[in-house]
Every structure is written in structure tokens, then in C-alpha cells.
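Q: Sharing run-v7.txt here; it has compact mmCIF, C-alpha atoms.
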# COMPACT_ATOMS: atom_id res chain seq x y z
CA MET Y 1 56.31 98.90 58.92
CA THR Y 2 56.30 102.23 60.80
CA LYS Y 3 52.90 103.15 62.22
CA LYS Y 4 51.49 106.47 61.03
CA LEU Y 5 51.79 109.06 63.79
CA MET Y 6 49.20 111.81 64.08
CA PRO Y 7 50.64 115.26 63.20
CA GLN Y 8 52.42 116.83 66.15
CA ARG Y 9 53.74 120.29 66.96
CA ILE Y 10 57.47 119.73 67.52
CA LEU Y 11 60.03 122.07 69.09
CA ILE Y 12 63.68 121.14 68.47
CA ILE Y 13 66.36 122.82 70.59
CA VAL Y 14 70.03 122.72 69.59
CA GLU Y 15 72.74 124.74 71.34
CA ASN Y 16 76.10 124.15 69.68
CA LEU Y 17 75.32 124.98 66.03
CA PRO Y 18 72.65 126.92 64.13
CA VAL Y 19 70.39 125.42 61.51
CA PRO Y 20 70.61 124.73 58.66
CA LEU Y 21 74.38 124.55 59.26
CA ASP Y 22 73.92 121.64 61.68
CA ARG Y 23 73.18 119.03 59.05
CA ARG Y 24 71.97 116.28 61.38
CA VAL Y 25 69.44 118.55 63.12
CA TRP Y 26 68.29 120.08 59.85
CA GLN Y 27 67.84 116.67 58.23
CA GLU Y 28 65.83 115.53 61.26
CA ALA Y 29 63.68 118.65 61.10
CA CYS Y 30 63.06 118.15 57.38
CA ALA Y 31 62.23 114.46 57.87
CA LEU Y 32 59.67 115.35 60.55
CA ARG Y 33 58.21 118.09 58.33
CA ASP Y 34 57.93 115.61 55.45
CA ALA Y 35 56.09 113.22 57.78
CA GLY Y 36 53.42 115.89 58.27
CA HIS Y 37 54.51 117.49 61.55
CA ASP Y 38 54.73 121.21 62.38
CA VAL Y 39 58.39 121.82 63.22
CA THR Y 40 60.03 124.73 65.05
CA VAL Y 41 63.77 124.93 65.79
CA ILE Y 42 65.55 127.02 68.44
CA CYS Y 43 69.28 127.51 67.85
CA PRO Y 44 72.06 130.07 68.51
CA GLN Y 45 72.99 133.08 66.41
CA MET Y 46 76.47 132.18 65.18
CA ARG Y 47 78.66 131.33 62.17
CA GLY Y 48 76.85 133.66 59.81
CA TYR Y 49 73.32 132.63 60.80
CA THR Y 50 72.15 135.63 62.81
CA THR Y 51 68.55 136.28 61.69
CA PRO Y 52 66.48 136.11 64.92
CA PHE Y 53 63.38 134.67 63.24
CA GLU Y 54 62.62 133.14 59.88
CA VAL Y 55 60.63 130.40 58.20
CA LEU Y 56 62.86 128.29 55.96
CA ASP Y 57 61.48 125.46 53.82
CA GLY Y 58 58.36 125.36 55.96
CA ILE Y 59 60.30 125.13 59.25
CA THR Y 60 60.06 127.94 61.82
CA ILE Y 61 63.42 129.02 63.24
CA TYR Y 62 64.13 131.13 66.33
CA ARG Y 63 67.77 132.13 66.85
CA HIS Y 64 69.03 133.60 70.12
CA TRP Y 65 72.13 135.50 71.16
CA ILE Y 66 74.92 133.45 72.74
CA SER Y 67 78.12 134.64 74.42
CA GLY Y 68 80.45 132.74 72.08
CA GLU Y 69 82.09 129.37 71.59
CA ALA Y 70 83.83 128.55 74.84
CA LYS Y 71 87.35 127.35 75.60
CA GLY Y 72 87.79 127.24 79.39
CA VAL Y 73 85.45 126.50 82.29
CA LYS Y 74 84.52 130.18 82.69
CA GLY Y 75 83.76 130.39 78.99
CA PHE Y 76 81.56 127.31 79.18
CA LEU Y 77 79.59 128.79 82.07
CA MET Y 78 79.01 132.03 80.15
CA GLU Y 79 78.10 130.18 76.96
CA TYR Y 80 75.64 127.83 78.60
CA THR Y 81 74.03 130.48 80.81
CA SER Y 82 73.40 132.77 77.86
CA ALA Y 83 72.20 129.85 75.74
CA LEU Y 84 69.73 128.59 78.35
CA TRP Y 85 68.26 132.04 78.80
CA GLY Y 86 67.93 132.53 75.05
CA GLU Y 87 66.40 129.08 74.58
CA LEU Y 88 63.87 129.64 77.36
CA CYS Y 89 62.82 133.01 75.92
CA CYS Y 90 62.43 131.52 72.44
CA ALA Y 91 60.52 128.52 73.83
CA VAL Y 92 58.06 130.84 75.55
CA LYS Y 93 57.59 132.73 72.25
CA ALA Y 94 56.99 129.45 70.41
CA TRP Y 95 54.51 128.33 73.08
CA ARG Y 96 52.57 131.57 72.91
CA THR Y 97 52.55 131.53 69.10
CA LYS Y 98 51.30 128.01 68.40
CA GLY Y 99 52.33 125.71 71.24
CA PHE Y 100 54.09 122.35 70.93
CA ASP Y 101 53.44 118.73 71.85
CA VAL Y 102 57.04 117.49 71.85
CA ILE Y 103 60.37 119.04 72.83
CA HIS Y 104 63.31 117.43 71.03
CA LEU Y 105 66.57 118.19 72.90
CA CYS Y 106 69.84 117.92 70.96
CA ASN Y 107 72.98 117.76 73.09
CA PRO Y 108 75.62 118.90 73.92
CA PRO Y 109 75.19 120.25 76.53
CA ASP Y 110 72.95 118.10 78.71
CA LEU Y 111 71.49 121.19 80.38
CA LEU Y 112 68.61 121.64 77.96
CA PHE Y 113 66.29 119.63 80.21
CA LEU Y 114 66.08 122.81 82.31
CA VAL Y 115 64.23 124.47 79.43
CA ALA Y 116 61.96 121.47 78.85
CA LEU Y 117 61.15 120.82 82.52
CA PRO Y 118 58.45 123.47 83.10
CA PHE Y 119 56.65 122.56 79.88
CA LYS Y 120 56.61 118.89 80.79
CA LEU Y 121 55.50 119.46 84.40
CA LEU Y 122 52.88 122.12 83.66
CA ALA Y 123 51.62 121.16 80.19
CA GLY Y 124 52.47 117.48 79.78
CA VAL Y 125 54.75 118.08 76.80
CA ARG Y 126 56.66 114.96 75.73
CA VAL Y 127 60.46 115.05 75.70
CA ILE Y 128 62.91 113.34 73.32
CA PHE Y 129 66.62 113.37 74.11
CA ASP Y 130 68.75 113.28 70.94
CA VAL Y 131 72.23 112.26 72.14
CA HIS Y 132 74.76 113.54 69.62
CA ASP Y 133 77.70 113.20 72.03
CA LEU Y 134 78.33 111.72 75.45
CA TRP Y 135 78.78 115.02 77.27
CA PRO Y 136 80.70 113.69 80.31
CA GLU Y 137 83.27 112.04 78.04
CA MET Y 138 83.48 115.20 75.94
CA PHE Y 139 84.03 117.33 79.04
CA GLU Y 140 86.77 115.00 80.31
CA ALA Y 141 88.49 115.01 76.90
CA LYS Y 142 88.53 118.82 76.87
CA PHE Y 143 89.81 119.32 80.42
CA GLY Y 144 91.66 116.05 81.06
CA LYS Y 145 90.33 115.45 84.57
CA ARG Y 146 87.31 114.47 86.63
CA GLY Y 147 86.73 117.31 89.04
CA LEU Y 148 83.61 118.84 90.50
CA MET Y 149 82.47 120.13 87.11
CA TYR Y 150 82.69 116.64 85.61
CA TRP Y 151 80.33 115.23 88.22
CA ALA Y 152 77.97 118.18 87.70
CA VAL Y 153 77.95 117.23 84.02
CA ARG Y 154 77.13 113.63 84.92
CA ALA Y 155 74.24 114.86 87.06
CA ALA Y 156 72.91 116.94 84.16
CA GLU Y 157 73.06 113.89 81.91
CA ARG Y 158 71.09 111.86 84.43
CA GLY Y 159 68.54 114.64 84.73
CA THR Y 160 67.98 114.73 80.97
CA LEU Y 161 67.70 110.95 80.70
CA ALA Y 162 65.19 110.89 83.57
CA LEU Y 163 63.04 113.53 81.89
CA ALA Y 164 63.08 111.91 78.44
CA ASP Y 165 60.16 109.82 77.21
CA ALA Y 166 62.37 108.39 74.44
CA VAL Y 167 66.04 108.66 73.52
CA MET Y 168 67.89 108.79 70.20
CA ALA Y 169 71.53 107.66 70.09
CA THR Y 170 73.89 108.24 67.17
CA ASN Y 171 75.34 104.72 67.33
CA GLN Y 172 75.44 101.49 69.31
CA SER Y 173 78.22 102.70 71.64
CA VAL Y 174 76.19 105.72 72.71
CA LEU Y 175 73.05 103.59 72.97
CA ALA Y 176 74.74 101.19 75.39
CA ALA Y 177 75.99 104.06 77.56
CA VAL Y 178 72.66 105.88 77.81
CA LYS Y 179 70.73 102.67 78.47
CA GLN Y 180 72.99 101.89 81.41
CA ARG Y 181 73.19 105.41 82.83
CA GLY Y 182 69.52 106.25 82.31
CA ARG Y 183 68.19 102.79 83.17
CA LYS Y 184 66.21 102.88 79.94
CA ALA Y 185 64.34 99.87 78.55
CA ASP Y 186 65.11 98.53 75.09
CA ASP Y 187 61.96 100.07 73.62
CA GLU Y 188 62.83 103.54 74.93
CA VAL Y 189 66.17 103.96 73.10
CA PHE Y 190 66.70 104.05 69.33
CA VAL Y 191 69.80 104.32 67.14
CA VAL Y 192 69.46 107.18 64.65
CA ARG Y 193 72.70 107.24 62.72
CA THR Y 194 74.01 110.43 61.19
CA ALA Y 195 74.27 110.18 57.41
CA PRO Y 196 74.56 112.94 54.81
CA ASN Y 197 71.51 113.38 52.63
CA LYS Y 198 71.18 114.99 49.19
CA LEU Y 199 74.73 116.29 48.96
CA ASN Y 200 75.57 117.78 45.58
CA THR Y 201 78.17 115.32 44.33
CA SER Y 202 77.76 116.46 40.72
CA LEU Y 203 79.88 119.61 40.98
CA PRO Y 204 83.07 119.55 38.87
CA GLU Y 205 86.50 119.37 40.44
CA ASP Y 206 88.35 122.63 41.05
CA ALA Y 207 91.97 122.07 40.07
CA ALA Y 208 92.93 125.49 41.47
CA LEU Y 209 92.53 124.08 44.99
CA LYS Y 210 95.62 121.93 44.42
CA LYS Y 211 97.80 125.03 43.92
CA GLY Y 212 99.68 123.29 41.11
CA ARG Y 213 100.53 120.23 43.19
CA LYS Y 214 99.72 116.61 42.31
CA HIS Y 215 97.71 115.68 45.41
CA LEU Y 216 95.08 117.36 47.58
CA VAL Y 217 94.49 116.11 51.13
CA GLY Y 218 91.30 117.40 52.71
CA TYR Y 219 89.76 117.90 56.14
CA ILE Y 220 86.24 119.13 56.87
CA GLY Y 221 84.66 119.84 60.23
CA VAL Y 222 84.87 121.65 63.51
CA MET Y 223 88.22 122.91 64.78
CA GLY Y 224 88.05 122.53 68.55
CA ASN Y 225 90.52 121.07 71.02
CA ALA Y 226 88.92 117.61 70.80
CA ASP Y 227 89.10 117.38 67.00
CA GLY Y 228 92.83 116.76 66.57
CA VAL Y 229 93.46 119.22 63.75
CA ASN Y 230 96.82 119.96 65.37
CA TYR Y 231 97.83 116.38 64.57
CA LEU Y 232 97.06 116.97 60.90
CA ILE Y 233 99.09 120.18 60.79
CA GLU Y 234 102.00 118.37 62.44
CA ALA Y 235 101.54 115.53 59.95
CA ALA Y 236 101.76 118.08 57.12
CA LYS Y 237 105.02 119.35 58.57
CA HIS Y 238 106.34 115.77 58.69
CA ILE Y 239 105.32 115.23 55.05
CA VAL Y 240 106.75 118.49 53.73
CA GLN Y 241 109.84 119.02 55.88
CA THR Y 242 110.88 115.53 56.98
CA ARG Y 243 109.70 113.38 54.08
CA LYS Y 244 110.59 116.20 51.64
CA ARG Y 245 107.37 115.90 49.67
CA GLU Y 246 106.45 119.04 47.76
CA ASP Y 247 103.64 117.45 45.73
CA VAL Y 248 100.97 117.52 48.48
CA GLN Y 249 98.56 120.38 49.15
CA PHE Y 250 96.28 120.44 52.20
CA LEU Y 251 92.82 122.01 52.43
CA LEU Y 252 91.40 122.24 55.95
CA MET Y 253 87.81 123.50 55.78
CA GLY Y 254 85.86 124.50 58.88
CA SER Y 255 85.91 126.82 61.84
CA GLY Y 256 85.70 126.61 65.60
CA PRO Y 257 87.20 127.95 68.83
CA GLU Y 258 90.71 126.71 67.94
CA HIS Y 259 90.82 127.94 64.34
CA ALA Y 260 92.92 131.05 65.01
CA ASP Y 261 95.41 129.11 67.15
CA LEU Y 262 95.70 126.42 64.47
CA VAL Y 263 96.37 129.02 61.78
CA LYS Y 264 99.10 130.43 64.03
CA GLN Y 265 100.54 126.93 64.49
CA ARG Y 266 100.57 126.43 60.70
CA ASP Y 267 102.33 129.75 60.12
CA GLU Y 268 104.92 129.15 62.84
CA MET Y 269 105.77 125.84 61.17
CA GLY Y 270 106.26 127.58 57.82
CA LEU Y 271 103.41 125.70 56.14
CA GLY Y 272 101.41 128.64 54.80
CA ALA Y 273 102.09 127.68 51.17
CA TYR Y 274 101.04 124.07 51.72
CA VAL Y 275 98.07 124.24 54.12
CA ASP Y 276 95.01 126.31 53.24
CA MET Y 277 92.60 127.03 56.12
CA PRO Y 278 89.76 129.17 54.74
CA GLY Y 279 87.49 128.80 57.79
CA ARG Y 280 83.77 128.35 57.29
CA VAL Y 281 83.03 127.89 53.59
CA SER Y 282 79.92 127.82 51.42
CA ASN Y 283 78.33 124.51 50.46
CA GLU Y 284 79.52 125.07 46.89
CA PHE Y 285 83.14 125.47 48.04
CA LEU Y 286 82.82 122.51 50.40
CA PHE Y 287 81.42 120.19 47.76
CA ALA Y 288 84.02 121.30 45.22
CA GLY Y 289 86.73 120.59 47.79
CA LEU Y 290 85.31 117.15 48.52
CA LYS Y 291 85.11 116.43 44.79
CA THR Y 292 88.69 117.53 44.17
CA MET Y 293 90.52 116.00 47.12
CA ASP Y 294 92.41 112.76 46.61
CA LEU Y 295 92.18 111.73 50.25
CA GLY Y 296 90.20 112.74 53.32
CA VAL Y 297 91.53 112.80 56.87
CA ALA Y 298 89.70 112.26 60.17
CA CYS Y 299 92.28 113.22 62.78
CA ASP Y 300 90.10 112.97 65.90
CA PRO Y 301 92.48 111.36 68.42
CA ILE Y 302 91.75 108.02 70.04
CA ASN Y 303 90.16 108.57 73.45
CA ASP Y 304 87.04 107.51 75.32
CA TYR Y 305 85.05 110.44 73.95
CA ASN Y 306 85.93 110.02 70.27
CA ASP Y 307 85.51 106.25 70.54
CA HIS Y 308 81.78 106.91 71.00
CA CYS Y 309 81.45 109.48 68.18
CA THR Y 310 80.18 109.03 64.65
CA MET Y 311 82.01 111.74 62.73
CA ASN Y 312 80.18 113.62 59.98
CA LYS Y 313 83.41 114.12 58.08
CA THR Y 314 83.93 110.37 57.74
CA LEU Y 315 80.48 109.92 56.20
CA GLU Y 316 80.85 112.92 53.90
CA TYR Y 317 84.12 111.57 52.51
CA MET Y 318 82.26 108.32 51.84
CA ALA Y 319 79.41 110.18 50.13
CA PHE Y 320 81.91 111.57 47.62
CA GLY Y 321 83.63 108.21 47.17
CA LYS Y 322 86.87 109.32 48.81
CA ALA Y 323 89.22 107.04 50.70
CA GLN Y 324 90.39 108.37 54.03
CA VAL Y 325 93.03 108.07 56.72
CA MET Y 326 91.93 108.24 60.34
CA PHE Y 327 92.98 107.45 63.86
CA GLY Y 328 91.41 104.13 64.80
CA THR Y 329 88.50 105.22 66.97
CA ARG Y 330 85.92 102.51 67.61
CA GLU Y 331 82.93 104.15 65.95
CA GLY Y 332 85.11 105.60 63.20
CA MET Y 333 86.19 102.10 62.24
CA PHE Y 334 82.58 100.90 62.32
CA SER Y 335 81.42 103.74 60.06
CA ALA Y 336 84.19 103.54 57.45
CA GLY Y 337 84.83 99.80 57.55
CA ASP Y 338 87.19 98.89 54.71
CA ALA Y 339 87.01 102.39 53.24
CA ALA Y 340 89.80 103.81 55.43
CA ARG Y 341 93.44 103.32 56.40
CA TYR Y 342 93.69 103.32 60.21
CA VAL Y 343 96.45 104.69 62.43
CA MET Y 344 96.19 102.96 65.79
CA GLU Y 345 98.00 105.50 67.96
CA ASN Y 346 97.83 109.26 68.30
CA SER Y 347 101.00 110.01 66.33
CA ALA Y 348 101.33 112.87 63.84
CA GLU Y 349 104.31 111.20 62.18
CA LYS Y 350 102.44 107.93 61.65
CA LEU Y 351 99.43 109.86 60.42
CA GLY Y 352 101.67 111.60 57.88
CA ASP Y 353 103.25 108.33 56.77
CA ALA Y 354 99.82 106.75 56.31
CA ILE Y 355 98.70 109.74 54.21
CA LEU Y 356 101.70 109.32 51.90
CA GLU Y 357 101.15 105.57 51.71
CA MET Y 358 97.62 106.17 50.46
CA LEU Y 359 98.56 108.97 48.08
CA ASP Y 360 101.17 106.72 46.48
CA ASN Y 361 98.61 103.93 45.89
CA PRO Y 362 95.86 105.30 43.63
CA ALA Y 363 94.33 101.87 42.98
CA THR Y 364 93.87 101.34 46.74
CA ARG Y 365 92.30 104.77 47.10
CA GLU Y 366 89.87 104.08 44.28
CA ARG Y 367 88.87 100.72 45.73
CA MET Y 368 88.34 102.16 49.23
CA GLY Y 369 86.35 105.07 47.82
CA LYS Y 370 83.95 102.70 46.07
CA ILE Y 371 83.57 100.57 49.20
CA GLY Y 372 82.77 103.65 51.28
CA HIS Y 373 80.19 105.00 48.85
CA GLU Y 374 78.46 101.63 48.63
CA ARG Y 375 78.38 101.28 52.41
CA LEU Y 376 76.94 104.75 52.91
CA THR Y 377 74.20 104.32 50.29
CA THR Y 378 73.07 100.94 51.61
CA GLU Y 379 73.73 99.98 55.24
CA LEU Y 380 74.20 103.51 56.60
CA CYS Y 381 71.77 105.42 54.39
CA TRP Y 382 69.71 108.29 55.79
CA GLU Y 383 66.39 106.68 54.82
CA LYS Y 384 66.94 104.01 57.48
CA SER Y 385 67.59 106.74 60.05
CA VAL Y 386 64.33 108.47 59.14
CA GLN Y 387 62.40 105.31 60.01
CA GLN Y 388 64.16 105.25 63.39
CA ILE Y 389 63.27 108.90 64.03
CA LEU Y 390 59.60 108.16 63.44
CA ARG Y 391 59.76 105.09 65.68
CA THR Y 392 61.27 107.26 68.43
CA TYR Y 393 58.38 109.72 68.17
CA GLU Y 394 55.83 106.93 68.24
CA ARG Y 395 57.36 105.67 71.49
CA ALA Y 396 57.48 109.15 73.02
CA MET Y 397 53.79 109.76 72.29
CA LYS Y 398 52.53 106.54 73.92
Would you give me this structure, written as C-alpha cells?

A:
Amino acid sequence: MTKKLMPQRILIIVENLPVPLDRRVWQEACALRDAGHDVTVICPQMRGYTTPFEVLDGITIYRHWISGEAKGVKGFLMEYTSALWGELCCAVKAWRTKGFDVIHLCNPPDLLFLVALPFKLLAGVRVIFDVHDLWPEMFEAKFGKRGLMYWAVRAAERGTLALADAVMATNQSVLAAVKQRGRKADDEVFVVRTAPNKLNTSLPEDAALKKGRKHLVGYIGVMGNADGVNYLIEAAKHIVQTRKREDVQFLLMGSGPEHADLVKQRDEMGLGAYVDMPGRVSNEFLFAGLKTMDLGVACDPINDYNDHCTMNKTLEYMAFGKAQVMFGTREGMFSAGDAARYVMENSAEKLGDAILEMLDNPATRERMGKIGHERLTTELCWEKSVQQILRTYERAMK
């Protein structure tokens, strides 16, 4: 049984997405609010969420300007410099307004300890490190090498782990890595799995999304260079032009730094009539798409970074009872279990063939969808993660 923690003033900092768009961070903030804590969130102004200050559902939100979502090393430096300055300014405002007892740092990047450091040294504020991604592995996956910047990233990770009084990890793979790198004891590190909570699965299907075709294949999520959406577009080309299938429509929902390039790739391949890419969509559109699709795809390629990642898209397909096809990443296979068809090499053609195999077997899709939904609502449910969040805070406040 989780011990009742006295109400705390909590400051959550997230750099790569705003709230409430970042579902994991928003669900954590709401869980802490529901447990009686005073919660403030600092996040960037981006993707339609540009109001500098607001109170939403009892949670105070400060949003700061950021240079933009980066692609190259120069872009990363500009993004992170502007983000750190904005976060520090907002943290000072939050401190002057009502103060805080805990700073909850959500990576990437692992530079946020620079914002927390003065508050911990001068005011004794406790620090929780919420590891969404292993930043060194993410950096290597983006740039394909281990140069000076990679080792600077490793140093930043070590600095954050050293500062943290307790650590949250999204899964067992991440937990093992941060325990080893940060030399953390078992009682300092907790697994807080990402799981969708209170999604509106009651919306009706929208047949118009199929554009008159029999099947709808869906993708939801970020479109960056580590997310493998290019594989899915190439798989669509294989399905339409090589396998000569005209009964499959694709709906790729989401935005990111590679979205424009991916749209260009689609158009150059002559797939505009078969692959819809609307960018960032409303929750109503997203849920209707999830309800309507026959099959979800998680096309994150197999590499050391993605092997450690629990993908939101995988869990959201499961929430809507949808079977999925994915590349066989380690944590992806753990999350989906028997609810997915796995492709064990980074091949667009094999991904396309697996998609067709699933589309042509409706009974298999239905069985996998039921397995996924059951798994998500029992073993991987958000309520279990909430208990782990509260345990993390209890440890940090010792």
C-alpha cells in the first residue's frame, strides 16, 4: 500500500512537447494533482500551444519561446539554448509566485539539470529525473556516430543522474541502463510505464477516411528521423505499385521536423491518392482515425535507441483494440506481446508484405486486437503507473 505523501509544490519541466499535447507528462501532472499536490508545468510554445501562461484543470502552465524543432547539430544547439533560457526564466517566475519543493525533469534532453541545479544547491529543492528516452542512444541514432557531441551528451546524462534524488524509467530496459550509468540503488529507480488514460474509444468510425477503399492502415506519432515513417511510405509504394493493391488507404497522423520532407517523398513516389498526411490533428480526428483503421503500424526501425523505447503509438493502437505491424524492437515486443505481427529487419518491402498479410486475415486481426486491449487494461494499465509515480515521490522526499 502506498504511503500518503504530504502535499508538495511540484514543478515539472518538459522540453520536447507542450502540455497537454504530451500525454505522458499531462497524465503525470493530473495524477499528482489528484493526489493533492500543487502542480506547475514549464513547457515550450509549439504545435498550436502558444499561450504563455494559463491554468488548465487546476494545473499552472508556463510556456516559453523556443527556436524550433532541430534537425542538425547547429539546430540542436539553438533549440536547447533557447529552451534552457526559457525554462530558467519560467522557473524563476514560478519560484517567486509560490515556490516549489520538487523539480520533476522530463527528458530529452538531459540538460535540464542546469535549470534545477541552483534551486537544489540554494534552496534544497528535491529533484526527480523522468527518463522518457535514453538521450545518448537517441543522439547516436540521429547522427550515426559517436563524436565529441555524443560524449558531451553522456556527460549531461551523468550530471542529471547525479543530481536526482529519485529516477523514473519508462521500462525495464531504461531502468537497467540508468541504474548502471548513475550507480543508483534499487530503491532509487522506479518503472513508470507509459499507458494511455481515458481515451475516447466511443466515437463512431469515419468511413470517409478510407477514401472508398476496403482497408485503412494507420500511423500516429512524431515524424522525426528516428521514427521510420520513411519505411512506411516506401512500404505503401511496395503495396500499391509492386503488389498492385488498390484497396488499401493509408492515414499517417502526426507532425515533426521531417513531416515536410516525408510529404515530398510521398508525392515524388506518386502516392498522394493513397497516403493522407494531415499533420497534427485534433483529438476527435485522432480518435476517429484510430476507431476506423483496420491495422496500426509502428515503423520505428530496430536500433539500440528504439530497442529501449516504449512507443505511445503501440499502446494507443492497443487501447482501441487494433492489431498492429511493427519492426521487432525489444520494448515494442514487450509492450504488444501477441497483439502484433513483427518484422525482424528494417525492410520496407517486408513491412509492406506483413501489412498485406494482416489485412488479408481479418480473424487474426480481431484476435490480436482483443489480446492487445486486454493486456493494456490489465498488466500495463495507467493505474499501476500512478502508484509507481507516488512511490517515486515518496523516495525523493526522504

Q: For Pro278 of chain Y, which of Y:Leu161, Y:Met223, Y:Leu295, Y:Ala166 is the closest residue, counting all atoms listed in the file?

A: Y:Met223

Q: Counting all atoms listed in the file, which residues sit no farther than 12 Å from the position (61.4, 97.9, 75.1) in the file's frame? I'd like them as a list in words.

A: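 Counting all atoms listed in the file, I find these residues within 12 Å of (61.4, 97.9, 75.1): Ala166, Val167, Lys179, Arg183, Lys184, Ala185, Asp186, Asp187, Glu188, Val189, Phe190, Arg391, Thr392 and Arg395 of chain Y.
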
Q: If we count all atoms listed in the file and set the cut-off at 12 Å, which residues sit around Val39 of chain Y, ignoring sequence neighbours fewer than 2 positions away in its own chain? Please answer as a ChimeraX atom specification.

A: /Y:7-13,25-37,41-42,55-62,94,98-104

Q: Between atom CA of Val297 of chain Y and atom CA of Met326 of chain Y, what is the spacing in Å?

A: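 Result for atom CA of Met326 of chain Y versus atom CA of Val297 of chain Y: 5.7 Å, one decimal.
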
Q: Within 9 Å of (78.2, 107.0, 62.1) (coordinates as in the file), grab all the protein and nucleic acid residues, counting all atoms listed in the file, and write them out as number ranges by chain.

A: Y: 170-171, 193-195, 309-312, 314-315, 331-332, 334-336, 380

Q: Skip segment 246-253 of chain Y itself and residues of its chain fewer than 6 positions away, then list as a PyMOL selection string all residues within 7 Å of it, counting only C-alpha atoms.

A: chain Y and resi 210+213-221+240+274-281

Q: Grab the residues selected above and save them as a PDB file, keeping the file's coordinate frame with C-alpha atoms.

A:
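For reference, selection_14.pdb as written:
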ATOM      1  CA  LYS Y 210      95.620 121.930  44.420  1.00  0.00           C
ATOM      2  CA  ARG Y 213     100.530 120.230  43.190  1.00  0.00           C
ATOM      3  CA  LYS Y 214      99.720 116.610  42.310  1.00  0.00           C
ATOM      4  CA  HIS Y 215      97.710 115.680  45.410  1.00  0.00           C
ATOM      5  CA  LEU Y 216      95.080 117.360  47.580  1.00  0.00           C
ATOM      6  CA  VAL Y 217      94.490 116.110  51.130  1.00  0.00           C
ATOM      7  CA  GLY Y 218      91.300 117.400  52.710  1.00  0.00           C
ATOM      8  CA  TYR Y 219      89.760 117.900  56.140  1.00  0.00           C
ATOM      9  CA  ILE Y 220      86.240 119.130  56.870  1.00  0.00           C
ATOM     10  CA  GLY Y 221      84.660 119.840  60.230  1.00  0.00           C
ATOM     11  CA  VAL Y 240     106.750 118.490  53.730  1.00  0.00           C
ATOM     12  CA  TYR Y 274     101.040 124.070  51.720  1.00  0.00           C
ATOM     13  CA  VAL Y 275      98.070 124.240  54.120  1.00  0.00           C
ATOM     14  CA  ASP Y 276      95.010 126.310  53.240  1.00  0.00           C
ATOM     15  CA  MET Y 277      92.600 127.030  56.120  1.00  0.00           C
ATOM     16  CA  PRO Y 278      89.760 129.170  54.740  1.00  0.00           C
ATOM     17  CA  GLY Y 279      87.490 128.800  57.790  1.00  0.00           C
ATOM     18  CA  ARG Y 280      83.770 128.350  57.290  1.00  0.00           C
ATOM     19  CA  VAL Y 281      83.030 127.890  53.590  1.00  0.00           C
TER      20      VAL Y 281
END

Q: Could you check which of Y:Ala141, Y:Ala235, Y:Met344, Y:Val222 is closest to Glu258 of chain Y, using only C-alpha atoms?

A: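 Of all the options, Y:Val222 lies closest to Glu258 of chain Y.
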
Q: For a test of reading the model, state the distance in Å between atom CA of Arg367 of chain Y and atom CA of Leu290 of chain Y, rounded to one decimal.

A: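 Separation between atom CA of Arg367 of chain Y and atom CA of Leu290 of chain Y: 17.0 Å.
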
Q: Do you have the atom CA of Ser282 of chain Y-atom CA of Met318 of chain Y distance handy?

A: 19.6 Å

Q: Rank Y:Trp151, Y:Glu357, Y:Gly321, Y:Trp382 by their smallest atom-to-atom distance to Gly369 of chain Y, using all atoms listed in the file, and report the top residue only.

A: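 Distance minimum relative to Gly369 of chain Y lands on Y:Gly321.
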
Q: Rank nothing, just name the residue among Y:Met138, Y:Gln388, Y:Leu114, Y:Phe143 nearest to Ala156 of chain Y, using only C-alpha atoms.

A: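 When distances to Ala156 of chain Y are compared using only C-alpha atoms, the smallest one comes from Y:Leu114.
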
Q: If you count only C-alpha atoms, which residues fall within 10 Å of Leu262 of chain Y, apart from same-chain ones fewer than 6 positions away, as a count of residues only?

A: 8

Q: Y:Val92, Y:Met397, Y:Ile389, Y:Ala116: which is nearest Ala169 of chain Y, counting all atoms listed in the file?

A: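 For Ala169 of chain Y, the nearest of the given residues is Y:Ile389.
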
Q: Which residue is closest to Ala176 of chain Y? Choose from Y:Lys198, Y:His308, Y:Arg243, Y:Arg24 and count only C-alpha atoms.

A: Y:His308

Q: If we count only C-alpha atoms and set the cut-off at 8 Å, which residues sit around Ile239 of chain Y, ignoring sequence neighbours fewer than 4 positions away in its own chain? Please answer as a list in words.

A: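 Those residues are Ala235, Arg243, Lys244, Arg245, Gly352, Asp353 and Leu356 of chain Y.
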